[in-house]
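Quick look at input00.txt (compact mmCIF, N, CA and C atoms):
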```txt
# COMPACT_ATOMS: atom_id res chain seq x y z
N MET A 250 -22.75 2.61 -9.70
CA MET A 250 -21.50 3.29 -9.98
C MET A 250 -20.45 2.23 -10.36
N THR A 251 -19.64 2.53 -11.37
CA THR A 251 -18.62 1.61 -11.85
C THR A 251 -17.44 1.57 -10.89
N VAL A 252 -16.98 0.37 -10.58
CA VAL A 252 -15.79 0.19 -9.74
C VAL A 252 -14.62 -0.13 -10.67
N TYR A 253 -13.57 0.68 -10.62
CA TYR A 253 -12.42 0.51 -11.50
C TYR A 253 -11.31 -0.31 -10.85
N TYR A 254 -11.29 -0.36 -9.53
CA TYR A 254 -10.30 -1.17 -8.83
C TYR A 254 -10.85 -1.52 -7.46
N ARG A 255 -10.66 -2.76 -7.08
CA ARG A 255 -11.04 -3.23 -5.75
C ARG A 255 -9.96 -4.21 -5.32
N GLY A 256 -9.16 -3.84 -4.38
CA GLY A 256 -8.09 -4.78 -4.04
C GLY A 256 -7.20 -4.28 -2.94
N PRO A 257 -6.11 -4.95 -2.72
CA PRO A 257 -5.60 -6.13 -3.38
C PRO A 257 -6.40 -7.40 -3.09
N ASP A 258 -7.12 -7.46 -1.99
CA ASP A 258 -7.97 -8.61 -1.71
C ASP A 258 -9.42 -8.20 -1.98
N PRO A 259 -10.04 -8.67 -3.06
CA PRO A 259 -11.39 -8.21 -3.42
C PRO A 259 -12.45 -8.51 -2.35
N ARG A 260 -12.23 -9.54 -1.52
CA ARG A 260 -13.23 -9.85 -0.48
C ARG A 260 -13.20 -8.85 0.66
N ARG A 261 -12.03 -8.33 0.97
CA ARG A 261 -11.88 -7.31 2.00
C ARG A 261 -10.88 -6.28 1.48
N PRO A 262 -11.33 -5.45 0.55
CA PRO A 262 -10.39 -4.54 -0.13
C PRO A 262 -9.85 -3.46 0.79
N GLN A 263 -8.57 -3.14 0.58
CA GLN A 263 -7.96 -2.01 1.27
C GLN A 263 -8.20 -0.73 0.51
N LEU A 264 -8.50 -0.88 -0.79
CA LEU A 264 -8.65 0.27 -1.66
C LEU A 264 -9.76 0.00 -2.66
N VAL A 265 -10.67 0.97 -2.82
CA VAL A 265 -11.74 0.87 -3.82
C VAL A 265 -11.73 2.17 -4.61
N ILE A 266 -11.65 2.04 -5.94
CA ILE A 266 -11.66 3.21 -6.82
C ILE A 266 -12.92 3.12 -7.67
N THR A 267 -13.78 4.13 -7.54
CA THR A 267 -15.00 4.20 -8.36
C THR A 267 -14.86 5.37 -9.33
N GLY A 268 -15.92 5.67 -10.03
CA GLY A 268 -15.90 6.78 -10.97
C GLY A 268 -15.75 8.15 -10.32
N ARG A 269 -16.11 8.25 -9.04
CA ARG A 269 -16.05 9.54 -8.35
C ARG A 269 -15.13 9.57 -7.14
N LEU A 270 -14.90 8.39 -6.52
CA LEU A 270 -14.22 8.35 -5.23
C LEU A 270 -13.05 7.38 -5.21
N VAL A 271 -12.11 7.66 -4.31
CA VAL A 271 -11.06 6.71 -3.94
C VAL A 271 -11.27 6.46 -2.45
N LYS A 272 -11.59 5.23 -2.10
CA LYS A 272 -11.84 4.88 -0.70
C LYS A 272 -10.71 3.99 -0.20
N VAL A 273 -10.07 4.40 0.90
CA VAL A 273 -8.94 3.67 1.48
C VAL A 273 -9.36 3.20 2.87
N ARG A 274 -9.20 1.89 3.10
CA ARG A 274 -9.54 1.35 4.42
C ARG A 274 -8.49 1.80 5.44
N VAL A 275 -8.96 2.37 6.54
CA VAL A 275 -8.11 2.78 7.65
C VAL A 275 -8.69 2.16 8.92
N PRO A 276 -7.92 2.10 9.99
CA PRO A 276 -8.48 1.55 11.22
C PRO A 276 -9.76 2.29 11.63
N GLY A 277 -10.83 1.56 11.77
CA GLY A 277 -12.10 2.15 12.19
C GLY A 277 -12.99 2.64 11.06
N GLY A 278 -12.63 2.38 9.81
CA GLY A 278 -13.51 2.82 8.73
C GLY A 278 -12.79 3.03 7.42
N TRP A 279 -13.20 4.10 6.73
CA TRP A 279 -12.67 4.40 5.40
C TRP A 279 -12.23 5.85 5.34
N ARG A 280 -11.19 6.12 4.60
CA ARG A 280 -10.79 7.49 4.25
C ARG A 280 -11.22 7.67 2.81
N VAL A 281 -12.02 8.69 2.51
CA VAL A 281 -12.59 8.88 1.18
C VAL A 281 -12.00 10.14 0.55
N TRP A 282 -11.53 9.99 -0.70
CA TRP A 282 -10.99 11.09 -1.48
C TRP A 282 -11.88 11.28 -2.69
N VAL A 283 -12.23 12.51 -3.02
CA VAL A 283 -13.01 12.82 -4.21
C VAL A 283 -12.02 12.98 -5.36
N ILE A 284 -12.19 12.18 -6.42
CA ILE A 284 -11.23 12.17 -7.53
C ILE A 284 -11.09 13.53 -8.18
N SER A 285 -12.18 14.26 -8.32
CA SER A 285 -12.11 15.56 -8.99
C SER A 285 -11.29 16.57 -8.19
N GLU A 286 -11.03 16.30 -6.91
CA GLU A 286 -10.25 17.22 -6.08
C GLU A 286 -8.81 16.76 -5.89
N LEU A 287 -8.45 15.63 -6.48
CA LEU A 287 -7.07 15.15 -6.43
C LEU A 287 -6.31 15.74 -7.62
N HIS A 288 -5.19 16.40 -7.34
CA HIS A 288 -4.39 17.02 -8.40
C HIS A 288 -2.93 16.63 -8.19
N ASP A 289 -2.14 16.78 -9.26
CA ASP A 289 -0.69 16.51 -9.20
C ASP A 289 -0.40 15.12 -8.64
N LEU A 290 -1.06 14.13 -9.20
CA LEU A 290 -0.86 12.76 -8.74
C LEU A 290 0.54 12.28 -9.07
N GLY A 291 1.11 11.50 -8.18
CA GLY A 291 2.44 10.94 -8.41
C GLY A 291 2.65 9.71 -7.56
N VAL A 292 3.55 8.85 -7.98
CA VAL A 292 3.86 7.63 -7.26
C VAL A 292 5.29 7.71 -6.75
N VAL A 293 5.47 7.38 -5.50
CA VAL A 293 6.80 7.34 -4.88
C VAL A 293 7.08 5.89 -4.52
N HIS A 294 8.16 5.35 -5.10
CA HIS A 294 8.56 3.98 -4.80
C HIS A 294 9.63 4.02 -3.72
N ARG A 295 9.40 3.27 -2.68
CA ARG A 295 10.41 3.17 -1.63
C ARG A 295 11.36 2.03 -1.97
N ARG A 296 12.61 2.23 -1.70
CA ARG A 296 13.59 1.20 -1.99
C ARG A 296 13.65 0.22 -0.83
N PRO A 297 13.68 -1.07 -1.14
CA PRO A 297 13.81 -2.06 -0.07
C PRO A 297 15.20 -2.01 0.54
N GLY A 298 15.31 -2.44 1.79
CA GLY A 298 16.60 -2.46 2.46
C GLY A 298 17.48 -3.59 1.97
N HIS A 299 18.62 -3.24 1.36
CA HIS A 299 19.55 -4.25 0.87
C HIS A 299 20.71 -4.43 1.84
N GLU A 300 20.81 -3.56 2.81
CA GLU A 300 21.98 -3.55 3.67
C GLU A 300 22.17 -4.86 4.42
N ARG A 301 21.08 -5.42 4.95
CA ARG A 301 21.21 -6.66 5.72
C ARG A 301 21.69 -7.81 4.86
N ILE A 302 21.14 -7.91 3.66
CA ILE A 302 21.50 -9.01 2.76
C ILE A 302 22.96 -8.91 2.37
N MET A 303 23.40 -7.71 2.00
CA MET A 303 24.77 -7.54 1.55
C MET A 303 25.76 -7.74 2.70
N SER A 304 25.43 -7.27 3.89
CA SER A 304 26.35 -7.46 5.02
C SER A 304 26.41 -8.93 5.42
N ALA A 305 25.29 -9.64 5.31
CA ALA A 305 25.29 -11.07 5.62
C ALA A 305 26.12 -11.84 4.60
N ALA A 306 26.00 -11.49 3.34
CA ALA A 306 26.78 -12.16 2.30
C ALA A 306 28.27 -11.85 2.48
N GLY A 307 28.60 -10.61 2.77
CA GLY A 307 30.00 -10.24 2.99
C GLY A 307 30.58 -10.92 4.20
N GLY A 308 29.81 -11.00 5.28
CA GLY A 308 30.25 -11.71 6.48
C GLY A 308 30.48 -13.19 6.22
N SER A 309 29.62 -13.78 5.40
CA SER A 309 29.77 -15.19 5.06
C SER A 309 31.05 -15.44 4.28
N VAL A 310 31.37 -14.55 3.37
CA VAL A 310 32.61 -14.70 2.59
C VAL A 310 33.83 -14.64 3.51
N ILE A 311 33.82 -13.74 4.46
CA ILE A 311 34.94 -13.64 5.40
C ILE A 311 35.05 -14.92 6.24
N LEU A 312 33.91 -15.42 6.72
CA LEU A 312 33.94 -16.65 7.51
C LEU A 312 34.44 -17.84 6.70
N VAL A 313 34.02 -17.93 5.46
CA VAL A 313 34.49 -19.03 4.60
C VAL A 313 35.99 -18.93 4.39
N ALA A 314 36.48 -17.73 4.16
CA ALA A 314 37.91 -17.55 3.94
C ALA A 314 38.70 -17.95 5.19
N LEU A 315 38.21 -17.56 6.36
CA LEU A 315 38.90 -17.93 7.60
C LEU A 315 38.82 -19.43 7.86
N ALA A 316 37.67 -20.01 7.62
CA ALA A 316 37.51 -21.45 7.84
C ALA A 316 38.34 -22.25 6.85
N ALA A 317 38.38 -21.83 5.61
CA ALA A 317 39.12 -22.57 4.58
C ALA A 317 40.62 -22.54 4.85
N ARG A 318 41.09 -21.51 5.51
CA ARG A 318 42.51 -21.41 5.83
C ARG A 318 42.94 -22.48 6.83
N HIS A 319 42.03 -22.86 7.72
CA HIS A 319 42.36 -23.82 8.77
C HIS A 319 41.88 -25.23 8.47
N LEU A 320 41.03 -25.39 7.47
CA LEU A 320 40.47 -26.70 7.15
C LEU A 320 41.13 -27.27 5.90
N HIS A 321 41.05 -28.59 5.79
CA HIS A 321 41.59 -29.26 4.61
C HIS A 321 40.63 -30.35 4.19
N GLY A 322 40.51 -30.59 2.89
CA GLY A 322 39.70 -31.69 2.38
C GLY A 322 38.22 -31.40 2.34
N TRP A 323 37.42 -32.40 2.76
CA TRP A 323 35.96 -32.31 2.69
C TRP A 323 35.35 -31.19 3.52
N PRO A 324 35.87 -30.86 4.67
CA PRO A 324 35.27 -29.75 5.41
C PRO A 324 35.27 -28.43 4.63
N VAL A 325 36.30 -28.21 3.81
CA VAL A 325 36.33 -26.99 3.00
C VAL A 325 35.16 -27.01 2.01
N LEU A 326 34.93 -28.16 1.39
CA LEU A 326 33.83 -28.29 0.46
C LEU A 326 32.49 -28.03 1.15
N ALA A 327 32.34 -28.56 2.37
CA ALA A 327 31.10 -28.35 3.11
C ALA A 327 30.89 -26.85 3.41
N VAL A 328 31.94 -26.15 3.78
CA VAL A 328 31.84 -24.72 4.07
C VAL A 328 31.47 -23.95 2.81
N VAL A 329 32.07 -24.31 1.67
CA VAL A 329 31.76 -23.63 0.41
C VAL A 329 30.30 -23.89 0.01
N VAL A 330 29.82 -25.12 0.20
CA VAL A 330 28.42 -25.43 -0.11
C VAL A 330 27.48 -24.61 0.77
N ILE A 331 27.81 -24.49 2.04
CA ILE A 331 26.98 -23.69 2.95
C ILE A 331 26.99 -22.22 2.51
N LEU A 332 28.15 -21.71 2.08
CA LEU A 332 28.22 -20.34 1.59
C LEU A 332 27.34 -20.15 0.36
N LEU A 333 27.43 -21.06 -0.60
CA LEU A 333 26.62 -20.95 -1.80
C LEU A 333 25.13 -21.02 -1.48
N LEU A 334 24.76 -21.90 -0.57
CA LEU A 334 23.36 -22.01 -0.15
C LEU A 334 22.89 -20.71 0.50
N SER A 335 23.73 -20.11 1.33
CA SER A 335 23.33 -18.85 1.97
C SER A 335 23.19 -17.73 0.94
N LEU A 336 24.04 -17.73 -0.10
CA LEU A 336 23.91 -16.71 -1.14
C LEU A 336 22.62 -16.89 -1.95
N VAL A 337 22.24 -18.15 -2.22
CA VAL A 337 20.99 -18.40 -2.93
C VAL A 337 19.80 -17.94 -2.09
N ILE A 338 19.83 -18.24 -0.80
CA ILE A 338 18.75 -17.81 0.09
C ILE A 338 18.70 -16.28 0.16
N ALA A 339 19.87 -15.63 0.23
CA ALA A 339 19.92 -14.16 0.28
C ALA A 339 19.35 -13.56 -1.01
N ALA A 340 19.66 -14.16 -2.16
CA ALA A 340 19.13 -13.66 -3.43
C ALA A 340 17.61 -13.81 -3.48
N ALA A 341 17.10 -14.95 -3.01
CA ALA A 341 15.64 -15.16 -3.00
C ALA A 341 14.96 -14.17 -2.06
N GLU A 342 15.54 -13.93 -0.93
CA GLU A 342 14.98 -12.96 0.02
C GLU A 342 15.01 -11.55 -0.56
N HIS A 343 16.08 -11.22 -1.25
CA HIS A 343 16.20 -9.91 -1.88
C HIS A 343 15.09 -9.71 -2.92
N ARG A 344 14.85 -10.73 -3.71
CA ARG A 344 13.80 -10.65 -4.73
C ARG A 344 12.42 -10.49 -4.11
N SER A 345 12.18 -11.27 -3.04
CA SER A 345 10.90 -11.19 -2.34
C SER A 345 10.70 -9.82 -1.70
N THR A 346 11.75 -9.28 -1.12
CA THR A 346 11.68 -7.97 -0.48
C THR A 346 11.39 -6.88 -1.50
N ARG A 347 12.02 -6.97 -2.68
CA ARG A 347 11.76 -5.99 -3.73
C ARG A 347 10.31 -5.99 -4.16
N ARG A 348 9.72 -7.20 -4.25
CA ARG A 348 8.33 -7.32 -4.68
C ARG A 348 7.38 -6.71 -3.65
N ARG A 349 7.71 -6.82 -2.37
CA ARG A 349 6.84 -6.31 -1.32
C ARG A 349 7.13 -4.86 -0.94
N ALA A 350 8.13 -4.25 -1.57
CA ALA A 350 8.51 -2.88 -1.22
C ALA A 350 7.31 -1.95 -1.40
N PRO A 351 7.07 -1.11 -0.42
CA PRO A 351 5.90 -0.24 -0.52
C PRO A 351 6.08 0.90 -1.52
N ALA A 352 4.97 1.32 -2.06
CA ALA A 352 4.92 2.49 -2.94
C ALA A 352 3.74 3.34 -2.48
N GLN A 353 3.86 4.63 -2.66
CA GLN A 353 2.82 5.55 -2.22
C GLN A 353 2.25 6.31 -3.40
N LEU A 354 0.94 6.48 -3.38
CA LEU A 354 0.26 7.37 -4.32
C LEU A 354 0.08 8.69 -3.60
N CYS A 355 0.75 9.72 -4.10
CA CYS A 355 0.70 11.06 -3.48
C CYS A 355 -0.09 12.00 -4.38
N ALA A 356 -0.67 13.02 -3.78
CA ALA A 356 -1.45 13.98 -4.55
C ALA A 356 -1.57 15.28 -3.76
N SER A 357 -2.07 16.27 -4.46
CA SER A 357 -2.45 17.52 -3.82
C SER A 357 -3.97 17.46 -3.67
N TYR A 358 -4.46 17.63 -2.45
CA TYR A 358 -5.89 17.54 -2.17
C TYR A 358 -6.31 18.76 -1.38
N ARG A 359 -7.12 19.59 -2.01
CA ARG A 359 -7.60 20.84 -1.39
C ARG A 359 -6.44 21.69 -0.89
N GLY A 360 -5.37 21.74 -1.69
CA GLY A 360 -4.23 22.59 -1.37
C GLY A 360 -3.17 21.97 -0.48
N ALA A 361 -3.37 20.77 -0.02
CA ALA A 361 -2.39 20.12 0.87
C ALA A 361 -1.82 18.88 0.18
N GLU A 362 -0.53 18.64 0.40
CA GLU A 362 0.10 17.43 -0.12
C GLU A 362 -0.28 16.26 0.79
N VAL A 363 -0.81 15.19 0.20
CA VAL A 363 -1.27 14.05 0.99
C VAL A 363 -0.77 12.75 0.37
N VAL A 364 -0.70 11.72 1.20
CA VAL A 364 -0.46 10.36 0.73
C VAL A 364 -1.83 9.71 0.65
N VAL A 365 -2.28 9.43 -0.55
CA VAL A 365 -3.62 8.85 -0.73
C VAL A 365 -3.64 7.42 -0.22
N VAL A 366 -2.65 6.62 -0.63
CA VAL A 366 -2.60 5.23 -0.21
C VAL A 366 -1.17 4.72 -0.33
N GLU A 367 -0.83 3.74 0.50
CA GLU A 367 0.45 3.05 0.41
C GLU A 367 0.18 1.56 0.29
N LEU A 368 0.70 0.96 -0.76
CA LEU A 368 0.51 -0.46 -1.04
C LEU A 368 1.82 -1.04 -1.57
N PRO A 369 1.93 -2.37 -1.60
CA PRO A 369 3.08 -2.95 -2.30
C PRO A 369 3.09 -2.49 -3.76
N ARG A 370 4.28 -2.37 -4.33
CA ARG A 370 4.46 -1.80 -5.67
C ARG A 370 3.54 -2.41 -6.72
N ARG A 371 3.46 -3.74 -6.76
CA ARG A 371 2.63 -4.40 -7.78
C ARG A 371 1.16 -4.04 -7.64
N ASP A 372 0.67 -4.02 -6.40
CA ASP A 372 -0.73 -3.68 -6.16
C ASP A 372 -1.01 -2.22 -6.48
N LEU A 373 -0.06 -1.34 -6.15
CA LEU A 373 -0.27 0.08 -6.44
C LEU A 373 -0.26 0.34 -7.94
N ASP A 374 0.56 -0.41 -8.68
CA ASP A 374 0.56 -0.25 -10.14
C ASP A 374 -0.81 -0.59 -10.71
N MET A 375 -1.43 -1.67 -10.23
CA MET A 375 -2.77 -2.05 -10.71
C MET A 375 -3.80 -1.00 -10.30
N ALA A 376 -3.68 -0.48 -9.08
CA ALA A 376 -4.61 0.54 -8.61
C ALA A 376 -4.48 1.82 -9.44
N CYS A 377 -3.27 2.18 -9.81
CA CYS A 377 -3.06 3.38 -10.63
C CYS A 377 -3.70 3.22 -12.01
N ARG A 378 -3.62 2.02 -12.56
CA ARG A 378 -4.29 1.80 -13.85
C ARG A 378 -5.80 1.99 -13.70
N GLY A 379 -6.37 1.50 -12.61
CA GLY A 379 -7.79 1.71 -12.35
C GLY A 379 -8.12 3.18 -12.17
N LEU A 380 -7.27 3.91 -11.46
CA LEU A 380 -7.49 5.34 -11.25
C LEU A 380 -7.41 6.10 -12.57
N ILE A 381 -6.47 5.72 -13.42
CA ILE A 381 -6.36 6.37 -14.74
C ILE A 381 -7.62 6.13 -15.55
N ARG A 382 -8.13 4.89 -15.52
CA ARG A 382 -9.37 4.60 -16.25
C ARG A 382 -10.52 5.44 -15.69
N ALA A 383 -10.60 5.57 -14.37
CA ALA A 383 -11.67 6.37 -13.77
C ALA A 383 -11.57 7.84 -14.18
N ILE A 384 -10.35 8.38 -14.19
CA ILE A 384 -10.16 9.78 -14.57
C ILE A 384 -10.50 9.98 -16.04
N GLU A 385 -10.04 9.05 -16.90
CA GLU A 385 -10.35 9.17 -18.33
C GLU A 385 -11.84 9.08 -18.58
N HIS A 386 -12.52 8.18 -17.89
CA HIS A 386 -13.97 8.04 -18.05
C HIS A 386 -14.66 9.33 -17.60
N ARG A 387 -14.20 9.87 -16.50
CA ARG A 387 -14.78 11.12 -15.98
C ARG A 387 -14.59 12.26 -16.99
N GLN A 388 -13.39 12.33 -17.58
CA GLN A 388 -13.12 13.38 -18.57
C GLN A 388 -13.98 13.18 -19.82
N ASP A 389 -14.16 11.93 -20.23
CA ASP A 389 -14.98 11.67 -21.42
C ASP A 389 -16.43 12.05 -21.21
N THR A 390 -16.96 11.78 -20.01
CA THR A 390 -18.38 12.04 -19.75
C THR A 390 -18.67 13.49 -19.41
N THR A 391 -17.71 14.19 -18.78
CA THR A 391 -17.96 15.57 -18.39
C THR A 391 -17.37 16.57 -19.37
N GLY A 392 -16.46 16.11 -20.23
CA GLY A 392 -15.84 16.99 -21.20
C GLY A 392 -14.77 17.87 -20.62
N LYS A 393 -14.29 17.57 -19.40
CA LYS A 393 -13.23 18.39 -18.75
C LYS A 393 -11.88 17.81 -19.01
```
Could the structure of this file be written out as structure tokens, please?
Amino acid sequence: MTVYYRGPDPRRPQLVITGRLVKVRVPGGWRVWVISELHDLGVVHRRPGHERIMSAAGGSVILVALAARHLHGWPVLAVVVILLLSLVIAAAEHRSTRRRAPAQLCASYRGAEVVVVELPRRDLDMACRGLIRAIEHRQDTTGK
């Protein structure tokens, strides 16, 4: 049987998509979905939490303003450098968090709405491409 997706770690995959099945690793084994019974497929992207980053950046600006009011000369420069460094770190963390933000593949399965799998957005995008290839191959071979 052709495997259309195995990942995100091919040595110990969390998700395997074949021509007939979607297998999701769960504690104690696998959850198996029959592709022909999955309908109304959709992807839900969860938004990463930006609140902590923005509140930390806002708090830093207030601290810099208070410190700069009482400091003169080089200490002000040091405080501004620390603020800029914290903003760079916050931006890098924000970018990393966005990349790891989870996304869910949802579907209707035997009349019930289910979450087929939840993976980081990038991995789920690759898995969806594999699932599309599996569905197209199935339609080509069965004529449905």
Open item on the list: Residues near Ile381 (chain A), anyone? I mean within 12 Å using only C-alpha atoms, not counting same-chain ones fewer than 4 positions away, as a ChimeraX atom specification.
Closed with: /A:253-254,266-268,271,284,290-291,374-377,385-388
Open item on the list: Residues near Val292 (chain A), anyone? I mean within 8 Å using only C-alpha atoms, not counting same-chain ones fewer than 2 positions away, as a list in words.
Closed with: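 Listing them by chain and then by number gives Leu290, His294, Ala352, Gln353, Leu354 and Cys355 of chain A.
Take the candidates A:Arg269, A:His319, A:His288, A:Arg371 and check each one against Ala383 (chain A) using only C-alpha atoms; the shortest distance goes to A:Arg269.
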TODO: For each of A:Asp289, A:Pro369, A:Val283, A:Arg255, take the minimum atom-to-atom distance to Ala356 (chain A), counting only C-alpha atoms, then give the residue where this is smallest.
DONE: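 Of A:Asp289, A:Pro369, A:Val283, A:Arg255, the one nearest Ala356 (chain A), counting only C-alpha atoms, is A:Asp289.
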Quick one: what's the axis-aligned box for region 320-326 of chain A, all listed atoms, 5 Å on every side, centre and edges in Å to one decimal, as JSON?
```
{"center_x": 37.0, "center_y": -28.9, "center_z": 4.0, "size_x": 19.1, "size_y": 17.0, "size_z": 17.0}
```
